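Peer 1: Structure: coords29.pdb, PDB, C-alpha atoms.
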```
ATOM      1  CA  MET A  10       0.000   0.000   0.000  1.00  0.00           C
ATOM      2  CA  LEU A  11       2.905   2.343  -0.649  1.00  0.00           C
ATOM      3  CA  GLU A  12       0.854   4.127  -3.297  1.00  0.00           C
ATOM      4  CA  SER A  13      -1.219   5.689  -0.491  1.00  0.00           C
ATOM      5  CA  LYS A  14       1.963   7.512   0.582  1.00  0.00           C
ATOM      6  CA  ALA A  15       2.589   8.965  -2.863  1.00  0.00           C
ATOM      7  CA  VAL A  16       2.860  12.709  -3.327  1.00  0.00           C
ATOM      8  CA  ILE A  17       1.932  13.980  -6.782  1.00  0.00           C
ATOM      9  CA  GLY A  18       4.106  16.902  -7.816  1.00  0.00           C
ATOM     10  CA  GLU A  19       2.801  17.637 -11.294  1.00  0.00           C
ATOM     11  CA  SER A  20       0.261  15.947 -13.534  1.00  0.00           C
ATOM     12  CA  ASP A  21      -2.084  16.593 -16.418  1.00  0.00           C
ATOM     13  CA  MET A  22      -3.534  13.050 -16.403  1.00  0.00           C
ATOM     14  CA  LEU A  23      -7.114  12.155 -15.727  1.00  0.00           C
ATOM     15  CA  GLN A  24      -7.686  10.995 -12.154  1.00  0.00           C
ATOM     16  CA  THR A  25      -8.178   7.370 -13.246  1.00  0.00           C
ATOM     17  CA  MET A  26      -4.790   7.341 -14.992  1.00  0.00           C
ATOM     18  CA  GLN A  27      -3.148   8.910 -11.954  1.00  0.00           C
ATOM     19  CA  ILE A  28      -4.626   6.164  -9.774  1.00  0.00           C
ATOM     20  CA  ASP A  29      -3.262   3.540 -12.175  1.00  0.00           C
ATOM     21  CA  ALA A  30       0.200   5.147 -12.093  1.00  0.00           C
ATOM     22  CA  LEU A  31       0.241   5.030  -8.294  1.00  0.00           C
ATOM     23  CA  LYS A  32      -1.150   1.479  -8.270  1.00  0.00           C
ATOM     24  CA  TYR A  33       1.495   0.166 -10.684  1.00  0.00           C
ATOM     25  CA  ALA A  34       4.261   1.986  -8.819  1.00  0.00           C
ATOM     26  CA  GLY A  35       3.063   0.350  -5.592  1.00  0.00           C
ATOM     27  CA  LYS A  36       3.043  -3.086  -7.245  1.00  0.00           C
ATOM     28  CA  ALA A  37       6.534  -2.500  -8.638  1.00  0.00           C
ATOM     29  CA  LEU A  38       7.818  -1.517  -5.202  1.00  0.00           C
ATOM     30  CA  ASP A  39       6.245  -4.667  -3.744  1.00  0.00           C
ATOM     31  CA  GLU A  40       7.999  -6.792  -6.364  1.00  0.00           C
ATOM     32  CA  PHE A  41      11.413  -5.066  -6.608  1.00  0.00           C
ATOM     33  CA  GLU A  42      13.878  -3.480  -4.203  1.00  0.00           C
ATOM     34  CA  ALA A  43      13.619   0.312  -4.097  1.00  0.00           C
ATOM     35  CA  SER A  44      17.251   0.452  -5.263  1.00  0.00           C
ATOM     36  CA  ASP A  45      16.341  -1.391  -8.501  1.00  0.00           C
ATOM     37  CA  SER A  46      15.028   1.707 -10.248  1.00  0.00           C
ATOM     38  CA  THR A  47      15.439   0.267 -13.764  1.00  0.00           C
ATOM     39  CA  GLU A  48      13.158  -2.693 -13.046  1.00  0.00           C
ATOM     40  CA  ILE A  49      10.611  -0.441 -11.318  1.00  0.00           C
ATOM     41  CA  ALA A  50      10.584   1.870 -14.359  1.00  0.00           C
ATOM     42  CA  ARG A  51      10.321  -1.097 -16.754  1.00  0.00           C
ATOM     43  CA  PHE A  52       7.360  -2.538 -14.817  1.00  0.00           C
ATOM     44  CA  ILE A  53       5.412   0.748 -14.751  1.00  0.00           C
ATOM     45  CA  LYS A  54       6.148   1.496 -18.419  1.00  0.00           C
ATOM     46  CA  LYS A  55       5.067  -1.962 -19.604  1.00  0.00           C
ATOM     47  CA  GLU A  56       1.820  -1.808 -17.603  1.00  0.00           C
ATOM     48  CA  PHE A  57       0.960   1.586 -19.099  1.00  0.00           C
ATOM     49  CA  ASP A  58       1.863   0.349 -22.591  1.00  0.00           C
ATOM     50  CA  LYS A  59      -0.565  -2.575 -22.107  1.00  0.00           C
ATOM     51  CA  VAL A  60      -3.423  -0.514 -20.729  1.00  0.00           C
ATOM     52  CA  TYR A  61      -3.049   2.810 -22.581  1.00  0.00           C
ATOM     53  CA  GLY A  62      -1.112   1.874 -25.738  1.00  0.00           C
ATOM     54  CA  PRO A  63       2.566   2.170 -26.695  1.00  0.00           C
ATOM     55  CA  GLY A  64       4.881   5.125 -26.334  1.00  0.00           C
ATOM     56  CA  TRP A  65       5.120   5.466 -22.537  1.00  0.00           C
ATOM     57  CA  GLN A  66       8.408   6.448 -20.905  1.00  0.00           C
ATOM     58  CA  CYS A  67       9.252   6.069 -17.220  1.00  0.00           C
ATOM     59  CA  VAL A  68      12.147   7.449 -15.184  1.00  0.00           C
ATOM     60  CA  VAL A  69      12.691   6.368 -11.574  1.00  0.00           C
ATOM     61  CA  GLY A  70      15.381   7.598  -9.222  1.00  0.00           C
ATOM     62  CA  THR A  71      16.339   9.634  -6.210  1.00  0.00           C
ATOM     63  CA  SER A  72      17.814  12.606  -8.044  1.00  0.00           C
ATOM     64  CA  PHE A  73      17.179  13.680 -11.618  1.00  0.00           C
ATOM     65  CA  GLY A  74      16.071  16.663 -13.607  1.00  0.00           C
ATOM     66  CA  SER A  75      13.985  16.528 -16.751  1.00  0.00           C
ATOM     67  CA  PHE A  76      12.463  18.541 -19.533  1.00  0.00           C
ATOM     68  CA  VAL A  77      10.219  16.448 -21.757  1.00  0.00           C
ATOM     69  CA  THR A  78       7.678  16.750 -24.532  1.00  0.00           C
ATOM     70  CA  HIS A  79       4.583  14.660 -23.996  1.00  0.00           C
ATOM     71  CA  HIS A  80       1.118  14.005 -25.302  1.00  0.00           C
ATOM     72  CA  CYS A  81      -1.551  16.163 -23.702  1.00  0.00           C
ATOM     73  CA  GLY A  82      -3.057  14.373 -20.693  1.00  0.00           C
ATOM     74  CA  CYS A  83      -0.188  11.889 -20.431  1.00  0.00           C
ATOM     75  CA  PHE A  84       2.228  13.232 -17.793  1.00  0.00           C
ATOM     76  CA  ILE A  85       2.729  12.604 -14.093  1.00  0.00           C
ATOM     77  CA  HIS A  86       5.610  13.267 -11.720  1.00  0.00           C
ATOM     78  CA  PHE A  87       5.247  11.895  -8.199  1.00  0.00           C
ATOM     79  CA  GLY A  88       7.226  10.649  -5.252  1.00  0.00           C
ATOM     80  CA  ILE A  89       6.924   7.577  -3.071  1.00  0.00           C
ATOM     81  CA  GLY A  90       9.283   7.586  -0.120  1.00  0.00           C
ATOM     82  CA  ASN A  91      12.665   8.754  -1.397  1.00  0.00           C
ATOM     83  CA  LEU A  92      11.939   7.727  -5.020  1.00  0.00           C
ATOM     84  CA  ALA A  93      10.773  10.148  -7.676  1.00  0.00           C
ATOM     85  CA  ILE A  94       8.828   8.745 -10.627  1.00  0.00           C
ATOM     86  CA  LEU A  95       8.267  10.482 -13.941  1.00  0.00           C
ATOM     87  CA  LEU A  96       5.820   8.801 -16.323  1.00  0.00           C
ATOM     88  CA  PHE A  97       4.808  10.279 -19.658  1.00  0.00           C
ATOM     89  CA  ARG A  98       3.737   9.311 -23.132  1.00  0.00           C
ATOM     90  CA  GLY A  99       6.288  10.569 -25.585  1.00  0.00           C
ATOM     91  CA  GLY A 100       6.046  11.357 -29.253  1.00  0.00           C
ATOM     92  CA  ALA A 101       6.070   7.771 -30.540  1.00  0.00           C
ATOM     93  CA  THR A 102       3.474   8.625 -33.192  1.00  0.00           C
ATOM     94  CA  PRO A 103       3.367  12.411 -33.545  1.00  0.00           C
ATOM     95  CA  GLU A 104       1.343  12.253 -36.753  1.00  0.00           C
ATOM     96  CA  ALA A 105      -1.545  10.780 -34.750  1.00  0.00           C
ATOM     97  CA  ASP A 106      -1.619  13.712 -32.346  1.00  0.00           C
ATOM     98  CA  THR A 107      -0.213  16.668 -34.281  1.00  0.00           C
ATOM     99  CA  GLY A 108      -0.317  19.905 -32.351  1.00  0.00           C
ATOM    100  CA  ARG A 109      -1.194  18.290 -29.056  1.00  0.00           C
ATOM    101  CA  PHE A 110       2.257  18.100 -27.481  1.00  0.00           C
ATOM    102  CA  ILE A 111       3.147  20.021 -24.361  1.00  0.00           C
ATOM    103  CA  ALA A 112       6.630  20.775 -23.074  1.00  0.00           C
ATOM    104  CA  MET A 113       6.737  20.557 -19.309  1.00  0.00           C
ATOM    105  CA  GLU A 114       9.611  20.832 -16.915  1.00  0.00           C
ATOM    106  CA  ALA A 115       9.435  18.399 -14.015  1.00  0.00           C
ATOM    107  CA  ALA A 116      10.458  19.534 -10.581  1.00  0.00           C
ATOM    108  CA  LYS A 117      13.921  18.477  -9.499  1.00  0.00           C
ATOM    109  CA  ALA A 118      13.637  15.203  -7.656  1.00  0.00           C
TER     110      ALA A 118
END
```
Any chance you could give the structure as structure tokens?
Peer 2:
Amino acid sequence: MLESKAVIGESDMLQTMQIDALKYAGKALDEFEASDSTEIARFIKKEFDKVYGPGWQCVVGTSFGSFVTHHCGCFIHFGIGNLAILLFRGGATPEADTGRFIAMEAAKA
């Protein structure tokens, strides 16, 4: 139930997607050590690819900066414990969503 301790820093996702992001992060943290950030990121990304389609990117760590371009409604940056998680849908198929990209700077984790 680590997802109940999550703190959302920035998001433009619908509430249901935010809940899924926190749920999958909690499952990943149940399955992997918190120090295994690559496996946590892989788990969250693959779950979002399955549920919401391909093109999702996930970054997990204790200290990182970012500046990304993402599809509208497909960005969340949150923390659980000392881990920061950035999940967004990148420009895998820009022709399908022309003009609907947003550049957003995530808070320093």
Peer 1: Report the distance between atom CA of A:Gly90 and atom CA of A:Ser44 in Å, rounded to one decimal place.
Peer 2: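 Atom CA of A:Ser44 lies at a distance of 11.9 Å from atom CA of A:Gly90.
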Peer 1: Every residue with an atom at most 7 Å from (-1.9, 15.1, -13.4) (file coordinates; all atoms listed in the file) is what I'm after, so could you write them as number ranges by chain?
Peer 2: A: 19-23, 27, 84-85
Peer 1: For stretch 54-56 of chain A, list every protein, DNA or RNA residue within 8 Å, evaluated using all atoms listed in the file, and leave out those in the same chain fewer than 6 positions away; present the list as an MDAnalysis selection string.
Peer 2: chainID A and resid 33 65:67 96
Peer 1: Which residues fall under the PyMOL selection byres ((chain A and resi 94) around 9) in this file, as a compact mmCIF listing (two decimals) with C-alpha atoms, keeping the file's coordinate frame?
Peer 2:
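The resulting file, part_28.txt, is reproduced below:
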```
# COMPACT_ATOMS: atom_id res chain seq x y z
CA ALA A 34 4.26 1.99 -8.82
CA ALA A 50 10.58 1.87 -14.36
CA CYS A 67 9.25 6.07 -17.22
CA VAL A 68 12.15 7.45 -15.18
CA VAL A 69 12.69 6.37 -11.57
CA GLY A 70 15.38 7.60 -9.22
CA THR A 71 16.34 9.63 -6.21
CA ILE A 85 2.73 12.60 -14.09
CA HIS A 86 5.61 13.27 -11.72
CA PHE A 87 5.25 11.90 -8.20
CA GLY A 88 7.23 10.65 -5.25
CA ILE A 89 6.92 7.58 -3.07
CA LEU A 92 11.94 7.73 -5.02
CA ALA A 93 10.77 10.15 -7.68
CA LEU A 95 8.27 10.48 -13.94
CA LEU A 96 5.82 8.80 -16.32
CA ALA A 118 13.64 15.20 -7.66
```
Peer 1: When distances are computed from all atoms listed in the file, which of A:Glu42, A:Asn91, A:Tyr61, A:Gly99 shows the smallest separation from A:His79?
Peer 2: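 So, comparing all the options, the nearest one is A:Gly99.
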Peer 1: Smallest atom-to-atom distance to A:His80: which of A:Glu48, A:Arg98, A:Gly35, A:Gly64, using all atoms listed in the file?
Peer 2: A:Arg98
